[in-house]
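**Q** Got a structure for you, structure.cif, holding mmCIF, C-alpha atoms.
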data_start
loop_
_atom_site.label_atom_id
_atom_site.label_comp_id
_atom_site.auth_asym_id
_atom_site.auth_seq_id
_atom_site.Cartn_x
_atom_site.Cartn_y
_atom_site.Cartn_z
CA MET A 85 -34.28 -2.32 -15.99
CA GLU A 86 -36.93 -0.28 -17.83
CA GLU A 87 -40.18 -1.65 -19.25
CA TYR A 88 -40.64 -1.40 -23.02
CA SER A 89 -43.80 -1.47 -25.15
CA GLN A 90 -44.34 -3.88 -28.01
CA GLU A 91 -43.54 -1.09 -30.47
CA ASP A 92 -40.30 -0.35 -28.65
CA TRP A 93 -39.35 -4.03 -28.81
CA GLY A 94 -39.72 -3.92 -32.60
CA ASN A 95 -37.43 -0.91 -32.77
CA HIS A 96 -34.85 -2.53 -30.49
CA SER A 97 -34.96 -5.71 -32.54
CA GLN A 98 -34.17 -3.76 -35.72
CA ASP A 99 -31.36 -1.86 -34.02
CA LEU A 100 -29.78 -5.04 -32.72
CA HIS A 101 -29.70 -7.02 -35.93
CA GLY A 102 -28.87 -4.45 -38.59
CA TYR A 103 -28.69 -7.08 -41.34
CA PRO A 104 -28.65 -5.89 -44.99
CA THR A 105 -31.88 -6.19 -46.99
CA ASP A 106 -32.25 -8.33 -50.10
CA GLN A 107 -32.09 -5.20 -52.23
CA GLU A 108 -28.85 -4.11 -50.57
CA LEU A 109 -27.34 -7.55 -51.11
CA ASP A 110 -28.30 -7.48 -54.80
CA GLU A 111 -26.42 -4.19 -55.19
CA ILE A 112 -23.17 -5.71 -53.84
CA PRO A 113 -21.08 -7.49 -56.53
CA VAL A 114 -20.66 -11.21 -55.87
CA THR A 115 -16.84 -10.99 -55.63
CA LYS A 116 -16.91 -8.15 -53.12
CA ARG A 117 -19.66 -9.86 -51.16
CA THR A 118 -17.59 -13.07 -50.93
CA LEU A 119 -14.48 -11.17 -49.83
CA LYS A 120 -16.48 -9.27 -47.23
CA ILE A 121 -17.96 -12.48 -45.81
CA LYS A 122 -14.50 -14.10 -45.62
CA GLN A 123 -13.03 -11.01 -43.95
CA GLU A 124 -15.86 -10.84 -41.41
CA SER A 125 -15.64 -14.56 -40.64
CA SER A 126 -11.88 -14.26 -40.08
CA GLU A 127 -12.32 -11.27 -37.78
CA GLU A 128 -15.10 -13.02 -35.86
CA ALA A 129 -12.94 -16.13 -35.44
CA GLN A 130 -10.09 -13.99 -34.11
CA LYS A 131 -12.40 -12.23 -31.65
CA ARG A 132 -13.80 -15.59 -30.54
CA ASP A 133 -10.30 -16.97 -29.92
CA ILE A 134 -9.32 -13.91 -27.85
CA MET A 135 -12.50 -14.10 -25.79
CA GLN A 136 -11.98 -17.83 -25.20
CA ASN A 137 -8.46 -17.10 -23.97
CA ILE A 138 -9.77 -14.42 -21.57
CA VAL A 139 -12.43 -16.82 -20.26
CA GLN A 140 -9.70 -19.40 -19.59
CA ILE A 141 -7.77 -16.83 -17.56
CA LEU A 142 -10.83 -15.93 -15.50
CA GLU A 143 -11.61 -19.60 -14.89
CA SER A 144 -8.02 -20.40 -13.91
CA VAL A 145 -8.10 -17.94 -11.00
CA GLN A 146 -11.46 -19.29 -9.72
CA LEU A 147 -13.37 -16.05 -9.24
CA LYS A 148 -16.93 -16.00 -7.92
CA TRP A 149 -19.80 -14.56 -9.94
CA GLU A 150 -21.53 -11.49 -8.48
CA LEU A 151 -25.23 -10.91 -9.13
CA PHE A 152 -25.98 -7.67 -10.97
CA GLN A 153 -28.55 -5.57 -9.11
CA SER A 154 -28.08 -1.95 -10.12
CA TRP A 155 -25.65 -0.21 -12.45
CA THR A 156 -24.94 2.28 -9.69
CA ASP A 157 -22.98 -0.54 -8.02
CA PHE A 158 -20.23 0.16 -10.53
CA SER A 159 -19.78 3.70 -9.25
CA ARG A 160 -18.29 2.29 -6.09
CA LEU A 161 -14.84 3.66 -5.32
CA HIS A 162 -13.03 0.33 -5.60
CA LEU A 163 -14.21 -0.09 -9.21
CA SER A 164 -14.04 3.47 -10.44
CA ASN A 165 -10.39 3.62 -11.54
CA LYS A 166 -9.23 0.01 -11.75
CA LEU A 167 -8.02 -1.93 -14.77
CA ALA A 168 -9.26 -5.49 -14.90
CA ILE A 169 -10.17 -8.63 -16.78
CA PHE A 170 -13.93 -9.04 -16.52
CA GLY A 171 -16.67 -11.38 -17.63
CA ILE A 172 -20.44 -11.03 -18.03
CA GLY A 173 -22.53 -14.14 -17.38
CA TYR A 174 -26.14 -15.27 -17.24
CA ASN A 175 -28.40 -18.15 -16.32
CA THR A 176 -31.94 -19.08 -17.30
CA ARG A 177 -35.09 -20.24 -15.54
CA TRP A 178 -34.34 -23.72 -16.86
CA LYS A 179 -30.67 -23.96 -16.08
CA GLU A 180 -29.06 -22.38 -13.01
CA ASP A 181 -25.49 -22.84 -14.24
CA ILE A 182 -23.94 -19.49 -15.15
CA ARG A 183 -22.60 -19.22 -18.69
CA TYR A 184 -20.38 -16.56 -20.22
CA HIS A 185 -21.94 -13.93 -22.44
CA TYR A 186 -18.81 -11.83 -22.86
CA ALA A 187 -15.27 -11.38 -21.51
CA GLU A 188 -12.81 -8.56 -21.99
CA ILE A 189 -9.54 -7.05 -20.79
CA SER A 190 -10.31 -3.49 -19.75
CA SER A 191 -6.80 -2.10 -20.16
CA GLN A 192 -7.58 1.41 -21.42
CA VAL A 193 -10.93 2.25 -19.79
CA PRO A 194 -11.52 1.92 -16.00
CA LEU A 195 -13.50 -1.17 -15.05
CA GLY A 196 -16.37 0.75 -13.44
CA LYS A 197 -17.03 2.76 -16.61
CA ARG A 198 -16.81 -0.31 -18.86
CA LEU A 199 -19.23 -2.34 -16.72
CA ARG A 200 -21.74 0.52 -16.65
CA GLU A 201 -21.80 0.39 -20.45
CA TYR A 202 -22.78 -3.27 -20.30
CA PHE A 203 -25.65 -2.63 -17.92
CA ASN A 204 -26.92 0.63 -19.44
CA SER A 205 -29.86 0.03 -21.82
CA GLU A 206 -28.95 3.17 -23.76
CA LYS A 207 -25.63 1.62 -24.83
CA PRO A 208 -25.45 -1.08 -27.55
CA GLU A 209 -23.88 -3.60 -25.14
CA GLY A 210 -26.44 -2.91 -22.43
CA ARG A 211 -29.35 -3.02 -24.87
CA ILE A 212 -28.53 -6.61 -25.80
CA ILE A 213 -28.51 -7.69 -22.15
CA MET A 214 -31.69 -5.74 -21.35
CA THR A 215 -33.51 -7.30 -24.31
CA ARG A 216 -32.63 -10.84 -23.31
CA VAL A 217 -33.75 -10.31 -19.74
CA GLN A 218 -36.98 -8.60 -20.82
CA LYS A 219 -37.79 -11.42 -23.24
CA MET A 220 -37.06 -13.97 -20.50
CA ASN A 221 -34.23 -15.50 -22.53
CA TRP A 222 -32.16 -14.97 -19.41
CA LYS A 223 -33.11 -15.05 -15.75
CA ASN A 224 -30.26 -13.22 -14.00
CA VAL A 225 -27.12 -11.42 -15.13
CA TYR A 226 -23.77 -11.73 -13.33
CA TYR A 227 -20.28 -10.31 -13.53
CA LYS A 228 -16.82 -11.21 -12.27
CA PHE A 229 -13.51 -9.41 -12.50
CA LEU A 230 -9.81 -9.69 -11.72
CA GLU A 231 -7.95 -6.46 -11.05
CA ILE A 232 -4.70 -6.12 -13.02
CA THR A 233 -1.83 -3.64 -13.13
CA ILE A 234 -0.85 -1.61 -16.19
CA SER A 235 2.19 -3.85 -16.70
CA GLU A 236 0.00 -7.00 -16.53
CA ALA A 237 -2.38 -5.47 -19.07
CA ARG A 238 0.58 -4.84 -21.39
CA CYS A 239 1.80 -8.40 -20.76
CA LEU A 240 -1.56 -9.78 -21.89
CA GLU A 241 -1.43 -7.47 -24.90
CA LEU A 242 2.01 -8.90 -25.72
CA HIS A 243 0.48 -12.39 -25.70
CA MET A 244 -2.79 -11.76 -27.51
CA GLU A 245 -2.09 -8.91 -29.93
CA ILE A 246 1.63 -8.87 -30.77
CA ASP A 247 2.88 -11.18 -33.53
CA TRP A 248 5.98 -13.32 -33.22
CA ILE A 249 9.10 -12.23 -35.14
CA PRO A 250 11.31 -15.06 -36.46
CA ILE A 251 15.04 -14.79 -35.73
CA ALA A 252 17.25 -15.54 -38.73
CA HIS A 253 20.63 -17.22 -38.38
CA SER A 254 23.82 -17.27 -40.38
CA LYS A 255 25.33 -20.21 -42.21
CA PRO A 256 27.55 -22.40 -40.02
CA THR A 257 30.95 -20.92 -39.31
CA GLY A 258 33.89 -22.61 -37.69
CA GLY A 259 32.51 -26.04 -38.43
CA ASN A 260 29.17 -26.32 -36.66
CA VAL A 261 28.34 -22.92 -35.16
CA VAL A 262 25.67 -20.50 -36.41
CA GLN A 263 25.02 -16.93 -35.31
CA TYR A 264 21.65 -15.30 -34.65
CA LEU A 265 20.77 -12.29 -36.80
CA LEU A 266 18.55 -9.94 -34.80
CA PRO A 267 16.09 -7.80 -36.80
CA GLY A 268 16.28 -4.04 -36.85
CA GLY A 269 13.74 -1.77 -35.21
CA ILE A 270 13.97 -3.14 -31.67
CA PRO A 271 13.12 -0.15 -29.42
CA LYS A 272 15.75 1.52 -27.27
CA SER A 273 13.22 1.81 -24.46
CA PRO A 274 11.99 -0.22 -21.47
CA GLY A 275 9.34 -2.89 -21.87
CA LEU A 276 8.49 -6.58 -21.92
CA TYR A 277 9.74 -9.22 -24.32
CA ALA A 278 9.13 -12.91 -24.84
CA ILE A 279 11.28 -15.62 -26.43
CA GLY A 280 9.78 -18.75 -27.93
CA TYR A 281 10.67 -21.67 -30.17
CA GLU A 282 8.80 -23.56 -32.85
CA GLU A 283 7.41 -26.97 -32.08
CA CYS A 284 6.12 -29.35 -34.76
CA ILE A 285 4.18 -32.35 -33.53
CA GLU A 286 3.77 -35.39 -35.74
CA ARG A 287 0.70 -37.49 -35.15
CA PRO A 288 0.12 -41.07 -36.37
CA SER A 289 -2.37 -41.41 -39.19
CA SER A 290 -6.02 -41.93 -38.36
CA PRO A 291 -6.96 -45.61 -37.75
CA HIS A 292 -9.66 -45.61 -40.43
CA MET A 293 -7.09 -44.55 -43.02
CA GLU A 294 -5.01 -47.67 -42.43
CA SER A 295 -7.62 -49.97 -43.92
CA SER A 296 -8.44 -50.15 -47.59
CA SER A 297 -11.26 -47.92 -48.75
CA LEU A 298 -12.16 -50.01 -51.81
CA GLU A 299 -15.84 -50.90 -51.91
CA PRO A 300 -17.04 -54.45 -52.66
CA GLY A 301 -17.09 -55.11 -56.38
CA LYS A 302 -14.55 -52.37 -57.09
CA GLU A 303 -11.36 -54.28 -56.29
CA GLY A 304 -9.87 -53.47 -59.66
CA ARG A 305 -10.66 -49.76 -59.58
CA VAL A 306 -8.76 -47.20 -57.56
CA ASP A 307 -10.04 -43.73 -56.64
CA LEU A 308 -7.05 -41.43 -57.22
CA GLU A 309 -8.45 -38.79 -54.90
CA THR A 310 -8.81 -41.35 -52.12
CA LEU A 311 -5.23 -42.57 -52.57
CA SER A 312 -3.94 -39.00 -52.55
CA ALA A 313 -5.84 -38.22 -49.36
CA GLN A 314 -4.52 -41.40 -47.72
CA ALA A 315 -0.94 -40.55 -48.65
CA SER A 316 -1.18 -37.03 -47.32
CA LEU A 317 -2.67 -38.24 -44.05
CA GLN A 318 -0.09 -40.93 -43.31
CA VAL A 319 1.68 -38.37 -41.13
CA GLU A 320 -0.43 -35.42 -40.08
CA ILE A 321 1.58 -32.37 -39.06
CA GLU A 322 -0.22 -29.87 -36.90
CA PRO A 323 0.04 -26.14 -37.69
CA THR A 324 3.17 -24.44 -36.41
CA ARG A 325 3.00 -23.86 -32.68
CA ILE A 326 5.36 -21.45 -30.96
CA ILE A 327 6.14 -22.33 -27.35
CA TYR A 328 6.85 -19.52 -24.91
CA CYS A 329 9.97 -20.29 -22.88
CA TYR A 330 11.01 -16.93 -21.40
CA LEU A 331 9.51 -13.59 -20.40
CA GLY A 332 11.98 -10.75 -19.98
CA ILE A 333 11.56 -7.41 -18.24
CA ALA A 334 13.67 -4.63 -19.76
CA GLU A 335 13.68 -2.26 -16.80
CA VAL A 336 17.32 -1.39 -16.13
CA ARG A 337 18.39 -1.94 -19.76
CA THR A 338 16.43 -1.25 -22.94
CA LEU A 339 14.61 -3.89 -24.99
CA GLN A 340 17.35 -3.69 -27.60
CA GLN A 341 20.14 -4.17 -25.03
CA CYS A 342 18.41 -7.11 -23.31
CA LEU A 343 17.75 -9.00 -26.54
CA PHE A 344 21.27 -8.31 -27.79
CA LEU A 345 22.72 -9.82 -24.61
CA HIS A 346 20.59 -12.96 -25.02
CA PHE A 347 21.30 -13.56 -28.70
CA GLN A 348 24.89 -12.34 -29.09
CA ALA A 349 26.45 -14.46 -26.33
CA ASN A 350 29.83 -15.79 -27.39
CA THR A 351 29.32 -19.42 -28.44
CA LYS A 352 33.08 -20.02 -28.33
CA THR A 353 32.95 -19.82 -24.55
CA PHE A 354 29.79 -21.92 -24.32
CA SER A 355 29.79 -24.41 -21.47
CA LYS A 356 27.34 -27.23 -20.73
CA ASP A 357 27.16 -25.79 -17.25
CA TRP A 358 25.29 -22.76 -18.60
CA VAL A 359 21.68 -22.73 -17.55
CA GLY A 360 18.65 -20.62 -18.32
CA ILE A 361 17.67 -18.88 -21.51
CA ASN A 362 21.22 -17.89 -22.52
CA GLY A 363 22.39 -21.49 -22.25
CA PHE A 364 19.42 -22.68 -24.31
CA LEU A 365 20.03 -20.11 -27.06
CA SER A 366 23.78 -20.74 -27.17
CA GLN A 367 23.39 -24.52 -27.31
CA ASN A 368 20.90 -24.09 -30.15
CA CYS A 369 23.69 -22.44 -32.19
CA ILE A 370 25.80 -25.60 -32.13
CA VAL A 371 24.41 -27.89 -34.83
CA ASP A 372 25.36 -31.14 -36.49
CA PRO A 373 26.22 -31.09 -40.22
CA GLY A 374 23.06 -30.87 -42.31
CA VAL A 375 20.86 -30.10 -39.30
CA SER A 376 19.24 -26.69 -38.84
CA PRO A 377 18.95 -25.09 -35.41
CA LYS A 378 15.58 -24.85 -33.70
CA SER A 379 13.52 -21.91 -35.02
CA ILE A 380 13.51 -19.10 -32.45
CA TYR A 381 11.04 -16.21 -32.21
CA ILE A 382 10.70 -12.99 -30.23
CA LYS A 383 7.99 -10.45 -29.50
CA PHE A 384 8.10 -7.27 -27.45
CA VAL A 385 6.02 -4.35 -26.24
CA GLU A 386 7.10 -1.01 -24.82
CA VAL A 387 6.06 -0.23 -21.23
CA GLU A 388 6.91 2.80 -19.15
CA ARG A 389 9.67 2.03 -16.67
CA ASP A 390 7.63 3.19 -13.65
CA PHE A 391 5.01 0.49 -14.29
CA LEU A 392 7.31 -2.51 -14.84
CA SER A 393 7.90 -3.29 -11.17
CA ALA A 394 4.16 -3.69 -10.41
CA GLY A 395 2.25 -6.94 -10.69
CA SER A 396 3.20 -10.60 -11.10
CA LEU A 397 4.15 -10.66 -14.76
CA VAL A 398 5.50 -14.20 -15.12
CA GLU A 399 2.46 -15.73 -13.37
CA CYS A 400 0.17 -13.51 -15.45
CA LEU A 401 1.63 -14.81 -18.71
CA GLU A 402 1.70 -18.41 -17.48
CA LYS A 403 -2.02 -18.25 -16.68
CA ALA A 404 -2.72 -16.80 -20.12
CA ILE A 405 -0.77 -19.45 -22.05
CA GLY A 406 -1.68 -22.36 -19.77
CA TYR A 407 1.80 -23.75 -19.06
CA PRO A 408 4.96 -22.74 -17.14
CA LEU A 409 7.77 -20.72 -18.69
CA LYS A 410 10.73 -23.08 -18.80
CA PHE A 411 13.49 -20.54 -18.21
CA ASN A 412 11.82 -18.17 -15.76
CA ASN A 413 11.93 -20.59 -12.82
#
Please rewrite the model in this file as structure tokens.

**A**
Amino acid sequence: MEEYSQEDWGNHSQDLHGYPTDQELDEIPVTKRTLKIKQESSEEAQKRDIMQNIVQILESVQLKWELFQSWTDFSRLHLSNKLAIFGIGYNTRWKEDIRYHYAEISSQVPLGKRLREYFNSEKPEGRIIMTRVQKMNWKNVYYKFLEITISEARCLELHMEIDWIPIAHSKPTGGNVVQYLLPGGIPKSPGLYAIGYEECIERPSSPHMESSSLEPGKEGRVDLETLSAQASLQVEIEPTRIIYCYLGIAEVRTLQQCLFLHFQANTKTFSKDWVGINGFLSQNCIVDPGVSPKSIYIKFVEVERDFLSAGSLVECLEKAIGYPLKFNN
């Protein structure tokens, strides 16, 4: 990496931070400033969650770190046109353990080109790394990568970027049977789709909430806020969690046809011998009086048919979510 003068370091420092001045902040109305901060914090949290998920994938496949020596290494043929999940790491003179600086799924840009940007001091990403090495914040810089197919990249996109769509159901007919109501707009094209169900987990109240919170000398006085908090925490319900249970590949049929076949199975001919996702969905339509069926969700992404046969899509998704798909085995 290049050597920089003290004056250059000052310029780089200003380029890297780019924080608004006090005068600029004064010119921004308080309401807009608050909204902007909330929006930025939400976006940063989302980016952090995605990066953490990518790091978990890289760690789950136990890849070895490679020491960065020269950016020309990334011009090698085997990196020039590959898609991949990659991570950038570093260690310090005080701690040899390698820690993650950044992780990304390079699904649109070839891996070699993307890595060169991270080790080129003329690029914003590379400038940050160069600065930290020059200032001895870091000792060495490393990288690791896992090559993926186009279909696997789209599968990871399905997981990380596509929102779940809830499936509505009709009122019970014929006694205790409901019908699924598929949404419109499902593409008549090949692709990948996932089916999941909602899981609500109840946790026992915290131990410290079980004891009285009245202070000595205040036996006759009750803090209404404290009582309200205790009541609300007697049973803590975690945020809604949707569990993946099936990944489908619409290769011969379209996404619309595949999902229709799953959700429009005839419940009148349902048998307990049915297995797999169709059996699960059909059994979910048979409910006891006053009981609602389990909430079901779908998500899908279009993929060109020629790419769908490449890669290990089920294992790819299972690594990303951290548990096996119940109905793909």

**Q** Can you translate the PyMOL selection byres ((chain A and resi 263-271) around 8) into the concrete residues it hits in this file, as a ChimeraX atom specification?

**A** /A:251-256,261-262,272-273,338-340,344,347-348,369,386

**Q** Which residues come within 10 Å of Thr233 in chain A, counting only C-alpha atoms, excluding same-chain residues fewer than 3 positions away, as a CSV table (one decimal) with C-alpha atoms, in the frame of the given file?

**A**
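What landed in result.csv:
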chain,number,residue,atom,x,y,z
A,166,LYS,CA,-9.2,0.0,-11.8
A,167,LEU,CA,-8.0,-1.9,-14.8
A,168,ALA,CA,-9.3,-5.5,-14.9
A,191,SER,CA,-6.8,-2.1,-20.2
A,236,GLU,CA,0.0,-7.0,-16.5
A,237,ALA,CA,-2.4,-5.5,-19.1
A,238,ARG,CA,0.6,-4.8,-21.4
A,239,CYS,CA,1.8,-8.4,-20.8
A,391,PHE,CA,5.0,0.5,-14.3
A,392,LEU,CA,7.3,-2.5,-14.8
A,393,SER,CA,7.9,-3.3,-11.2
A,394,ALA,CA,4.2,-3.7,-10.4
A,395,GLY,CA,2.2,-6.9,-10.7
A,396,SER,CA,3.2,-10.6,-11.1
A,397,LEU,CA,4.2,-10.7,-14.8

**Q** Between A:Glu335, A:Asn175, A:Val193, A:Asn260, which one has atoms that come closest to Leu151 in chain A, using only C-alpha atoms?

**A**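 Closest residue, counting only C-alpha atoms: A:Asn175.
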
**Q** Of the candidates A:Ile326, A:Ile213, A:Leu331, A:Ala129, which shows the shortest atom-to-atom distance to Val385 in chain A, using only C-alpha atoms?

**A** A:Leu331

**Q** Please determine, counting all atoms listed in the file, which residue among A:Val145, A:Leu276, A:Met220, A:Cys329 has the shortest atom-to-atom distance to Phe364 in chain A.

**A** A:Cys329

**Q** What is the CA of Leu142 in chain A to CA of Gly210 in chain A distance in Å?

**A** 21.5 Å

**Q** Show which residues sit within 8 Å of Ile141 in chain A, as a PyMOL selection string. Count all atoms listed in the file, and ignore same-chain residues fewer than 4 positions away.

**A** chain A and resi 137+145+403-404

**Q** Return as AutoDock Vina command-line options the box centre and box size in Å, one decimal, for an axis-aligned box around all listed atoms of range 249-268 of chain A padded by 3 Å per side.

**A**
--center_x 21.5 --center_y -15.2 --center_z -38.4 --size_x 30.8 --size_y 28.3 --size_z 13.6
